[in-house]
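Trainee: File name input_35.cif; file contents mmCIF, C-alpha atoms and all ligand atoms; full text below.
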data_structure
loop_
_atom_site.group_PDB
_atom_site.id
_atom_site.type_symbol
_atom_site.label_atom_id
_atom_site.label_comp_id
_atom_site.auth_asym_id
_atom_site.auth_seq_id
_atom_site.Cartn_x
_atom_site.Cartn_y
_atom_site.Cartn_z
ATOM 1 C CA MET B 10 8.648 -8.047 19.426
ATOM 2 C CA GLU B 11 6.138 -9.544 17.050
ATOM 3 C CA LEU B 12 6.781 -9.510 13.317
ATOM 4 C CA HIS B 13 3.782 -9.180 11.015
ATOM 5 C CA ILE B 14 4.356 -9.556 7.287
ATOM 6 C CA HIS B 15 1.638 -8.182 5.029
ATOM 7 C CA LYS B 16 1.167 -8.788 1.335
ATOM 8 C CA ASP B 17 1.626 -5.224 0.199
ATOM 9 C CA TYR B 18 1.579 -1.583 1.270
ATOM 10 C CA ALA B 19 -2.225 -1.413 1.191
ATOM 11 C CA ASP B 20 -2.615 -4.431 3.489
ATOM 12 C CA LEU B 21 0.114 -3.175 5.783
ATOM 13 C CA SER B 22 -1.514 0.239 6.036
ATOM 14 C CA ALA B 23 -4.959 -1.239 6.714
ATOM 15 C CA ALA B 24 -3.511 -3.395 9.512
ATOM 16 C CA ALA B 25 -1.744 -0.401 11.045
ATOM 17 C CA ALA B 26 -4.922 1.692 10.901
ATOM 18 C CA ASN B 27 -6.707 -1.186 12.586
ATOM 19 C CA MET B 28 -4.205 -1.268 15.409
ATOM 20 C CA ILE B 29 -4.611 2.462 16.013
ATOM 21 C CA ILE B 30 -8.389 2.092 16.097
ATOM 22 C CA ASP B 31 -8.141 -0.808 18.564
ATOM 23 C CA CYS B 32 -5.949 1.334 20.794
ATOM 24 C CA VAL B 33 -8.345 4.274 20.702
ATOM 25 C CA GLN B 34 -11.355 2.053 21.349
ATOM 26 C CA GLU B 35 -9.663 0.444 24.336
ATOM 27 C CA ASN B 36 -8.484 3.773 25.664
ATOM 28 C CA PRO B 37 -10.413 6.764 24.321
ATOM 29 C CA GLN B 38 -7.970 9.109 26.068
ATOM 30 C CA ALA B 39 -4.903 7.565 24.467
ATOM 31 C CA LEU B 40 -1.752 9.585 23.878
ATOM 32 C CA LEU B 41 -0.669 8.856 20.326
ATOM 33 C CA CYS B 42 2.813 9.700 19.082
ATOM 34 C CA MET B 43 2.760 9.880 15.324
ATOM 35 C CA ALA B 44 5.532 9.662 12.753
ATOM 36 C CA THR B 45 5.503 11.310 9.365
ATOM 37 C CA GLY B 46 7.120 10.240 6.107
ATOM 38 C CA ASP B 47 6.211 8.069 3.162
ATOM 39 C CA THR B 48 5.559 4.988 5.286
ATOM 40 C CA PRO B 49 2.524 6.049 7.370
ATOM 41 C CA ARG B 50 0.757 8.210 4.761
ATOM 42 C CA LEU B 51 -1.746 5.580 3.631
ATOM 43 C CA THR B 52 -2.265 4.400 7.223
ATOM 44 C CA TYR B 53 -3.440 7.890 8.148
ATOM 45 C CA GLN B 54 -5.654 8.175 5.088
ATOM 46 C CA LEU B 55 -7.309 4.832 5.880
ATOM 47 C CA LEU B 56 -7.570 5.699 9.552
ATOM 48 C CA ALA B 57 -9.293 9.015 8.843
ATOM 49 C CA LYS B 58 -11.676 7.345 6.421
ATOM 50 C CA ARG B 59 -12.685 4.716 8.980
ATOM 51 C CA VAL B 60 -12.950 7.195 11.845
ATOM 52 C CA LEU B 61 -15.461 9.210 9.825
ATOM 53 C CA ALA B 62 -17.325 6.283 8.258
ATOM 54 C CA GLU B 63 -17.629 4.327 11.507
ATOM 55 C CA ASN B 64 -18.081 7.328 13.745
ATOM 56 C CA ILE B 65 -15.156 6.333 15.962
ATOM 57 C CA ASP B 66 -14.721 8.695 18.886
ATOM 58 C CA VAL B 67 -11.325 10.357 18.753
ATOM 59 C CA SER B 68 -12.439 13.499 20.554
ATOM 60 C CA ARG B 69 -10.571 12.650 23.765
ATOM 61 C CA CYS B 70 -7.337 11.328 22.262
ATOM 62 C CA PHE B 71 -4.220 13.437 22.290
ATOM 63 C CA PHE B 72 -1.769 13.560 19.396
ATOM 64 C CA ILE B 73 1.904 14.457 19.485
ATOM 65 C CA ALA B 74 4.409 14.612 16.657
ATOM 66 C CA LEU B 75 7.306 12.195 16.827
ATOM 67 C CA ASP B 76 9.669 14.769 15.368
ATOM 68 C CA GLU B 77 10.231 17.897 13.275
ATOM 69 C CA TRP B 78 12.906 19.489 11.125
ATOM 70 C CA LEU B 79 14.202 22.587 12.897
ATOM 71 C CA GLY B 80 13.936 25.732 10.797
ATOM 72 C CA VAL B 81 11.347 24.345 8.356
ATOM 73 C CA SER B 82 8.103 26.300 8.214
ATOM 74 C CA PRO B 83 4.852 24.504 9.093
ATOM 75 C CA ASP B 84 3.541 25.674 5.696
ATOM 76 C CA ASN B 85 6.255 23.740 3.908
ATOM 77 C CA LYS B 86 4.856 20.478 2.572
ATOM 78 C CA GLY B 87 8.013 18.715 3.714
ATOM 79 C CA SER B 88 7.467 19.648 7.358
ATOM 80 C CA CYS B 89 6.129 17.091 9.808
ATOM 81 C CA HIS B 90 3.638 19.724 10.908
ATOM 82 C CA TRP B 91 2.132 20.058 7.447
ATOM 83 C CA PHE B 92 2.026 16.286 6.956
ATOM 84 C CA LEU B 93 0.218 15.574 10.201
ATOM 85 C CA GLN B 94 -2.307 18.340 9.593
ATOM 86 C CA GLU B 95 -2.912 17.255 6.026
ATOM 87 C CA TYR B 96 -3.230 13.481 6.418
ATOM 88 C CA LEU B 97 -4.208 12.921 10.020
ATOM 89 C CA LEU B 98 -5.477 15.836 12.062
ATOM 90 C CA ARG B 99 -7.593 17.881 9.671
ATOM 91 C CA PRO B 100 -9.300 14.859 8.042
ATOM 92 C CA MET B 101 -10.275 13.524 11.486
ATOM 93 C CA HIS B 102 -11.381 16.983 12.702
ATOM 94 C CA ILE B 103 -8.976 16.883 15.625
ATOM 95 C CA ALA B 104 -9.230 20.049 17.750
ATOM 96 C CA PRO B 105 -6.066 22.110 18.353
ATOM 97 C CA ALA B 106 -6.452 21.415 22.088
ATOM 98 C CA GLN B 107 -5.822 17.724 21.360
ATOM 99 C CA VAL B 108 -2.517 18.268 19.615
ATOM 100 C CA HIS B 109 1.044 19.207 20.479
ATOM 101 C CA LEU B 110 3.440 19.557 17.569
ATOM 102 C CA PHE B 111 6.981 20.882 17.669
ATOM 103 C CA ASP B 112 7.728 24.533 16.945
ATOM 104 C CA ALA B 113 10.391 24.394 14.242
ATOM 105 C CA PHE B 114 11.372 27.983 15.074
ATOM 106 C CA ALA B 115 11.426 27.672 18.861
ATOM 107 C CA LYS B 116 13.733 30.386 20.223
ATOM 108 C CA ASP B 117 14.339 28.248 23.266
ATOM 109 C CA GLU B 118 14.833 24.724 21.920
ATOM 110 C CA GLN B 119 15.437 23.304 25.392
ATOM 111 C CA ALA B 120 12.120 24.711 26.575
ATOM 112 C CA ALA B 121 10.405 23.116 23.554
ATOM 113 C CA CYS B 122 11.908 19.763 24.529
ATOM 114 C CA GLU B 123 10.929 20.247 28.145
ATOM 115 C CA SER B 124 7.317 21.060 27.331
ATOM 116 C CA MET B 125 7.036 17.840 25.295
ATOM 117 C CA ASN B 126 8.654 15.893 28.145
ATOM 118 C CA GLN B 127 6.238 17.378 30.645
ATOM 119 C CA LEU B 128 3.263 16.639 28.465
ATOM 120 C CA ILE B 129 4.256 13.001 27.963
ATOM 121 C CA ALA B 130 4.937 12.583 31.675
ATOM 122 C CA ALA B 131 1.671 14.270 32.675
ATOM 123 C CA LYS B 132 -0.248 11.851 30.479
ATOM 124 C CA GLY B 133 1.513 8.866 31.999
ATOM 125 C CA GLY B 134 3.591 8.105 28.923
ATOM 126 C CA ILE B 135 2.745 7.321 25.324
ATOM 127 C CA ASP B 136 -0.023 4.789 24.709
ATOM 128 C CA LEU B 137 0.757 4.131 21.082
ATOM 129 C CA ALA B 138 3.782 5.236 19.092
ATOM 130 C CA LEU B 139 3.736 4.712 15.365
ATOM 131 C CA VAL B 140 7.227 4.976 13.935
ATOM 132 C CA GLY B 141 8.904 4.339 10.632
ATOM 133 C CA VAL B 142 12.504 3.309 10.260
ATOM 134 C CA GLY B 143 15.149 5.368 8.536
ATOM 135 C CA MET B 144 17.713 4.059 6.068
ATOM 136 C CA ASN B 145 20.275 4.442 8.888
ATOM 137 C CA GLY B 146 18.032 2.711 11.417
ATOM 138 C CA HIS B 147 16.894 5.908 13.098
ATOM 139 C CA ILE B 148 13.593 6.167 14.958
ATOM 140 C CA GLY B 149 12.249 9.669 14.577
ATOM 141 C CA PHE B 150 15.417 11.735 14.785
ATOM 142 C CA ASN B 151 16.997 9.374 17.267
ATOM 143 C CA GLU B 152 20.028 8.926 15.093
ATOM 144 C CA PRO B 153 22.616 6.132 15.367
ATOM 145 C CA GLY B 154 24.432 6.446 18.688
ATOM 146 C CA THR B 155 21.585 8.181 20.542
ATOM 147 C CA SER B 156 21.383 7.137 24.179
ATOM 148 C CA VAL B 157 18.571 4.745 25.054
ATOM 149 C CA GLU B 158 17.971 7.028 28.027
ATOM 150 C CA SER B 159 17.264 10.033 25.841
ATOM 151 C CA LEU B 160 14.153 12.110 26.330
ATOM 152 C CA THR B 161 12.955 14.726 23.843
ATOM 153 C CA HIS B 162 15.997 16.439 22.396
ATOM 154 C CA VAL B 163 17.485 18.410 19.558
ATOM 155 C CA ALA B 164 19.473 16.174 17.227
ATOM 156 C CA VAL B 165 22.200 16.983 14.772
ATOM 157 C CA LEU B 166 21.057 15.008 11.771
ATOM 158 C CA ASP B 167 23.129 12.226 10.342
ATOM 159 C CA ASP B 168 24.359 12.660 6.734
ATOM 160 C CA THR B 169 21.999 9.889 5.599
ATOM 161 C CA THR B 170 19.023 11.660 7.161
ATOM 162 C CA GLN B 171 19.991 14.971 5.546
ATOM 163 C CA THR B 172 20.351 13.327 2.136
ATOM 164 C CA VAL B 173 17.327 11.006 2.250
ATOM 165 C CA GLY B 174 15.237 13.808 3.773
ATOM 166 C CA GLN B 175 15.490 15.863 0.592
ATOM 167 C CA LYS B 176 12.774 13.620 -0.895
ATOM 168 C CA TYR B 177 10.131 15.398 1.174
ATOM 169 C CA PHE B 178 10.912 18.838 -0.215
ATOM 170 C CA SER B 179 10.182 20.398 -3.575
ATOM 171 C CA GLU B 180 13.496 22.266 -3.509
ATOM 172 C CA LYS B 181 16.863 21.667 -1.864
ATOM 173 C CA MET B 182 16.555 22.275 1.878
ATOM 174 C CA GLU B 183 19.098 22.793 4.577
ATOM 175 C CA ILE B 184 18.056 20.235 7.191
ATOM 176 C CA LYS B 185 20.846 19.963 9.691
ATOM 177 C CA LYS B 186 18.941 19.705 12.935
ATOM 178 C CA GLY B 187 15.756 18.113 14.155
ATOM 179 C CA ILE B 188 13.775 17.824 17.356
ATOM 180 C CA THR B 189 12.478 14.454 18.415
ATOM 181 C CA VAL B 190 10.718 12.553 21.122
ATOM 182 C CA GLY B 191 13.470 10.497 22.761
ATOM 183 C CA LEU B 192 14.256 6.805 22.492
ATOM 184 C CA GLN B 193 13.383 6.198 26.109
ATOM 185 C CA GLN B 194 9.907 7.664 25.641
ATOM 186 C CA VAL B 195 9.255 5.798 22.373
ATOM 187 C CA MET B 196 10.511 2.506 23.790
ATOM 188 C CA ALA B 197 8.319 2.913 26.876
ATOM 189 C CA ALA B 198 5.147 3.276 24.786
ATOM 190 C CA GLN B 199 2.400 0.844 25.810
ATOM 191 C CA LYS B 200 2.274 -0.222 22.176
ATOM 192 C CA LEU B 201 5.049 0.434 19.694
ATOM 193 C CA LEU B 202 4.149 -0.002 16.066
ATOM 194 C CA MET B 203 7.126 0.140 13.729
ATOM 195 C CA MET B 204 6.412 0.036 10.006
ATOM 196 C CA ALA B 205 8.530 -0.493 6.903
ATOM 197 C CA ASN B 206 7.556 -1.064 3.312
ATOM 198 C CA GLY B 207 9.093 -1.378 -0.120
ATOM 199 C CA LYS B 208 12.249 -2.971 -1.531
ATOM 200 C CA LYS B 209 14.530 -0.168 -0.411
ATOM 201 C CA LYS B 210 13.749 -0.956 3.227
ATOM 202 C CA ALA B 211 14.655 -4.668 2.863
ATOM 203 C CA PRO B 212 18.314 -4.217 3.943
ATOM 204 C CA VAL B 213 17.192 -2.072 6.865
ATOM 205 C CA VAL B 214 14.635 -4.652 7.977
ATOM 206 C CA SER B 215 17.197 -7.418 7.595
ATOM 207 C CA ARG B 216 19.710 -5.572 9.779
ATOM 208 C CA LEU B 217 17.001 -4.716 12.280
ATOM 209 C CA LEU B 218 16.035 -8.389 12.581
ATOM 210 C CA THR B 219 19.409 -10.105 12.399
ATOM 211 C CA GLY B 220 22.086 -7.552 13.290
ATOM 212 C CA ASP B 221 23.411 -6.579 16.700
ATOM 213 C CA ILE B 222 20.917 -5.043 19.076
ATOM 214 C CA SER B 223 22.536 -1.688 19.589
ATOM 215 C CA ASN B 224 21.833 2.017 19.681
ATOM 216 C CA GLN B 225 24.215 2.254 16.700
ATOM 217 C CA PHE B 226 21.156 1.023 14.788
ATOM 218 C CA PRO B 227 18.274 2.267 16.946
ATOM 219 C CA ALA B 228 15.556 0.252 15.194
ATOM 220 C CA SER B 229 17.234 -2.964 16.389
ATOM 221 C CA LEU B 230 16.369 -2.023 19.992
ATOM 222 C CA VAL B 231 12.734 -2.703 19.226
ATOM 223 C CA ARG B 232 13.542 -6.428 19.233
ATOM 224 C CA LEU B 233 13.891 -6.170 22.996
ATOM 225 C CA LEU B 234 10.350 -4.936 23.503
ATOM 226 C CA PRO B 235 7.489 -7.382 24.126
ATOM 227 C CA GLN B 236 4.930 -4.666 23.343
ATOM 228 C CA ALA B 237 6.423 -3.872 19.929
ATOM 229 C CA VAL B 238 5.011 -4.950 16.596
ATOM 230 C CA LEU B 239 7.088 -4.653 13.455
ATOM 231 C CA MET B 240 4.771 -4.516 10.459
ATOM 232 C CA VAL B 241 6.335 -4.887 7.050
ATOM 233 C CA ASP B 242 5.167 -5.667 3.552
ATOM 234 C CA GLU B 243 6.585 -8.604 1.583
ATOM 235 C CA GLU B 244 8.976 -6.385 -0.372
ATOM 236 C CA ALA B 245 10.595 -5.077 2.789
ATOM 237 C CA ALA B 246 10.677 -8.562 4.328
ATOM 238 C CA LEU B 247 12.768 -10.129 1.572
HETATM 239 P P1 LIG U 1 9.968 7.175 5.287
HETATM 240 O O1 LIG U 1 10.887 7.664 6.457
HETATM 241 O O2 LIG U 1 8.658 6.732 5.906
HETATM 242 O O3 LIG U 1 9.772 8.369 4.401
HETATM 243 O O4 LIG U 1 10.663 6.040 4.609
HETATM 244 C C1 LIG U 1 11.152 6.825 7.544
HETATM 245 C C2 LIG U 1 12.094 7.457 8.521
HETATM 246 O O5 LIG U 1 13.062 8.122 8.124
HETATM 247 O O6 LIG U 1 11.886 7.274 9.729
#
Please re-express this file's structure in structure tokens.
Mentor:
Amino acid sequence: MELHIHKDYADLSAAAANMIIDCVQENPQALLCMATGDTPRLTYQLLAKRVLAENIDVSRCFFIALDEWLGVSPDNKGSCHWFLQEYLLRPMHIAPAQVHLFDAFAKDEQAACESMNQLIAAKGGIDLALVGVGMNGHIGFNEPGTSVESLTHVAVLDDTTQTVGQKYFSEKMEIKKGITVGLQQVMAAQKLLMMANGKKKAPVVSRLLTGDISNQFPASLVRLLPQAVLMVDEEAAL
């Protein structure tokens, strides 16, 4: 894993957008697995701006969501669906045929997992995964203790995730379960970009970098991966 420390959130986000553009220019048919949350918001805004301004061809890329809260409507501004549409897909004029997001109301959750697994496999794996890191070290909804062999699955959310997750919603939400691309699939990405910014992430980044490498703190596993880049700002690096 490489560690890149950037001055601030703006620099970090510009560097991340750059990496995504490099990936798409090298492989116009890239499969991109995209996180949501506070961390990547500016990256997506900068990415969309550059894609339009520089006429970068994203018409053959394919986008998948890293995760979703089960039972949260796609119209809810706290849903991953809404976030990706708002900041990434709509601004870049991505066609519905280039996107596979999770159905938060899937009647058959196993079938929803299986269709994501099949899609990832059919495309030969993920080319670039952009992930944040949770306060408990989760990657997507791969919570502490998740098997490194896991494929897309339904996760019972950790207490930390349920509590921290309230920040995305305008009113108190019941968020007990999520659906997520699995650790194995994320860790097998050709390029894994993990991002963290701000003071509150400093203890998480410190544990990620210096603690045990273990699925009890999934983000630490990224240290094992030569193709991974951890991008942080100075506040998170302290
Ligand atoms: P955040 O979430 O970007 O809102 O900090 C990160 C995560 O929980 O993975």
Trainee: Would you compute the box with edges along x, y and z of the file around ligand LIG 1 (chain U), including every atom the file lists for it and 4 Å extra on each side, and give its centre and edge lengths in Å to one decimal, as JSON?
Mentor:
{"center_x": 10.9, "center_y": 7.2, "center_z": 7.1, "size_x": 12.4, "size_y": 10.3, "size_z": 13.3}
Trainee: Show me, as a JSON list (two decimals) with C-alpha atoms, keeping the file's coordinate frame, the residues that have an atom within 12 Å of Ile184 in chain B when counting only C-alpha atoms, minus same-chain residues fewer than 4 positions from it.
Mentor:
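Output file out.json is given in full below:
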[["chain", "number", "residue", "atom", "x", "y", "z"],
["B", 77, "GLU", "CA", 10.23, 17.90, 13.28],
["B", 78, "TRP", "CA", 12.91, 19.49, 11.12],
["B", 79, "LEU", "CA", 14.20, 22.59, 12.90],
["B", 80, "GLY", "CA", 13.94, 25.73, 10.80],
["B", 81, "VAL", "CA", 11.35, 24.34, 8.36],
["B", 82, "SER", "CA", 8.10, 26.30, 8.21],
["B", 87, "GLY", "CA", 8.01, 18.72, 3.71],
["B", 88, "SER", "CA", 7.47, 19.65, 7.36],
["B", 113, "ALA", "CA", 10.39, 24.39, 14.24],
["B", 150, "PHE", "CA", 15.42, 11.74, 14.78],
["B", 164, "ALA", "CA", 19.47, 16.17, 17.23],
["B", 165, "VAL", "CA", 22.20, 16.98, 14.77],
["B", 166, "LEU", "CA", 21.06, 15.01, 11.77],
["B", 167, "ASP", "CA", 23.13, 12.23, 10.34],
["B", 168, "ASP", "CA", 24.36, 12.66, 6.73],
["B", 169, "THR", "CA", 22.00, 9.89, 5.60],
["B", 170, "THR", "CA", 19.02, 11.66, 7.16],
["B", 171, "GLN", "CA", 19.99, 14.97, 5.55],
["B", 172, "THR", "CA", 20.35, 13.33, 2.14],
["B", 173, "VAL", "CA", 17.33, 11.01, 2.25],
["B", 174, "GLY", "CA", 15.24, 13.81, 3.77],
["B", 175, "GLN", "CA", 15.49, 15.86, 0.59],
["B", 176, "LYS", "CA", 12.77, 13.62, -0.90],
["B", 177, "TYR", "CA", 10.13, 15.40, 1.17],
["B", 178, "PHE", "CA", 10.91, 18.84, -0.22],
["B", 180, "GLU", "CA", 13.50, 22.27, -3.51],
["B", 188, "ILE", "CA", 13.78, 17.82, 17.36]]
Trainee: For His162 in chain B, work out the shell of residues within 7 Å, counting only C-alpha atoms and skipping chain neighbours fewer than 4 positions away, then give it as number ranges by chain.
Mentor: B: 122, 188-191
Trainee: Could those residues be written to a file, using C-alpha atoms, as a PDB file, in the coordinates of the input?
Mentor:
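The result, stored in selection35.pdb:
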ATOM      1  CA  CYS B 122      11.908  19.763  24.529  1.00  0.00           C
ATOM      2  CA  ILE B 188      13.775  17.824  17.356  1.00  0.00           C
ATOM      3  CA  THR B 189      12.478  14.454  18.415  1.00  0.00           C
ATOM      4  CA  VAL B 190      10.718  12.553  21.122  1.00  0.00           C
ATOM      5  CA  GLY B 191      13.470  10.497  22.761  1.00  0.00           C
TER       6      GLY B 191
END
Trainee: Please report, as a Markdown table, each residue of chain B lying at most 8 Å from ligand LIG 1 (chain U), together with the nearest pair of atoms and the separation in Å rounded to one decimal; use all atoms listed in the file, and order rows by chain and ascending residue number.
Mentor:
| residue | atom | partner | partner_atom | distance |
| --- | --- | --- | --- | --- |
| B:Ala44 | CA | U:LIG1 | O6 | 7.4 |
| B:Thr45 | CA | U:LIG1 | O2 | 6.5 |
| B:Gly46 | CA | U:LIG1 | O3 | 3.7 |
| B:Asp47 | CA | U:LIG1 | O3 | 3.8 |
| B:Thr48 | CA | U:LIG1 | O2 | 3.6 |
| B:Pro49 | CA | U:LIG1 | O2 | 6.3 |
| B:Val140 | CA | U:LIG1 | O6 | 6.7 |
| B:Gly141 | CA | U:LIG1 | O6 | 4.3 |
| B:Val142 | CA | U:LIG1 | O6 | 4.0 |
| B:Gly143 | CA | U:LIG1 | O5 | 3.5 |
| B:Met144 | CA | U:LIG1 | O5 | 6.5 |
| B:Gly146 | CA | U:LIG1 | O6 | 7.8 |
| B:His147 | CA | U:LIG1 | O6 | 6.2 |
| B:Ile148 | CA | U:LIG1 | O6 | 5.6 |
| B:Gly149 | CA | U:LIG1 | O6 | 5.4 |
| B:Phe150 | CA | U:LIG1 | O6 | 7.6 |
| B:Thr170 | CA | U:LIG1 | O5 | 7.0 |
| B:Val173 | CA | U:LIG1 | O5 | 7.8 |
| B:Gly174 | CA | U:LIG1 | O5 | 7.5 |
| B:Tyr177 | CA | U:LIG1 | O3 | 7.7 |
| B:Ala205 | CA | U:LIG1 | O4 | 7.2 |
| B:Asn206 | CA | U:LIG1 | O4 | 7.9 |
| B:Lys210 | CA | U:LIG1 | O4 | 7.8 |
Trainee: Counting all atoms listed in the file, which residue out of B:Ser215, B:Gln199, B:Ser68, B:Asn224 sits closest to Ala237 in chain B?
Mentor: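 For Ala237 in chain B, the nearest of the given residues is B:Gln199.
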Trainee: How many Å lie between CA of His15 in chain B and CA of Val241 in chain B, rounded to one decimal?
Mentor: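 Result for CA of His15 in chain B versus CA of Val241 in chain B: 6.1 Å, one decimal.
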Trainee: Any chance you could work out the residue set of the PyMOL selection byres (((chain B and resi 14) around 9) and not hetatm) here, as a PyMOL selection string?
Mentor: chain B and resi 12-13+15-17+21+239-243+245-246
Trainee: Choose the residue, out of B:Asn145, B:Gln194, B:Ser159, B:Ser179, that has the smallest atom-to-atom separation from Asn85 in chain B; count only C-alpha atoms.
Mentor: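 Closest candidate: B:Ser179.
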Trainee: For the PyMOL selection byres (((chain B and resi 107) around 7) and not hetatm), applied here, can you spell out every residue it catches as a compact mmCIF listing (two decimals) with C-alpha atoms, in the frame of the given file?
Mentor:
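Listed below is the output, result34.txt:
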# COMPACT_ATOMS: atom_id res chain seq x y z
CA CYS B 70 -7.34 11.33 22.26
CA PHE B 71 -4.22 13.44 22.29
CA PHE B 72 -1.77 13.56 19.40
CA ILE B 103 -8.98 16.88 15.62
CA ALA B 104 -9.23 20.05 17.75
CA PRO B 105 -6.07 22.11 18.35
CA ALA B 106 -6.45 21.42 22.09
CA VAL B 108 -2.52 18.27 19.61
Trainee: For the PyMOL selection byres (((chain B and resi 193) around 10) and not hetatm), applied here, can you spell out every residue it catches as a list in words?
Mentor: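 Taken on the displayed file, the PyMOL selection byres (((chain B and resi 193) around 10) and not hetatm) yields the residues Ser156, Val157, Glu158, Ser159, Leu160, Thr161, Val190, Gly191, Leu192, Gln194, Val195, Met196, Ala197 and Ala198 of chain B.
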Trainee: Keeping C-alpha atoms, export the residues of the selection given above as a PDB file, keeping the file's coordinate frame.
Mentor:
ATOM      1  CA  SER B 156      21.383   7.137  24.179  1.00  0.00           C
ATOM      2  CA  VAL B 157      18.571   4.745  25.054  1.00  0.00           C
ATOM      3  CA  GLU B 158      17.971   7.028  28.027  1.00  0.00           C
ATOM      4  CA  SER B 159      17.264  10.033  25.841  1.00  0.00           C
ATOM      5  CA  LEU B 160      14.153  12.110  26.330  1.00  0.00           C
ATOM      6  CA  THR B 161      12.955  14.726  23.843  1.00  0.00           C
ATOM      7  CA  VAL B 190      10.718  12.553  21.122  1.00  0.00           C
ATOM      8  CA  GLY B 191      13.470  10.497  22.761  1.00  0.00           C
ATOM      9  CA  LEU B 192      14.256   6.805  22.492  1.00  0.00           C
ATOM     10  CA  GLN B 194       9.907   7.664  25.641  1.00  0.00           C
ATOM     11  CA  VAL B 195       9.255   5.798  22.373  1.00  0.00           C
ATOM     12  CA  MET B 196      10.511   2.506  23.790  1.00  0.00           C
ATOM     13  CA  ALA B 197       8.319   2.913  26.876  1.00  0.00           C
ATOM     14  CA  ALA B 198       5.147   3.276  24.786  1.00  0.00           C
TER      15      ALA B 198
END
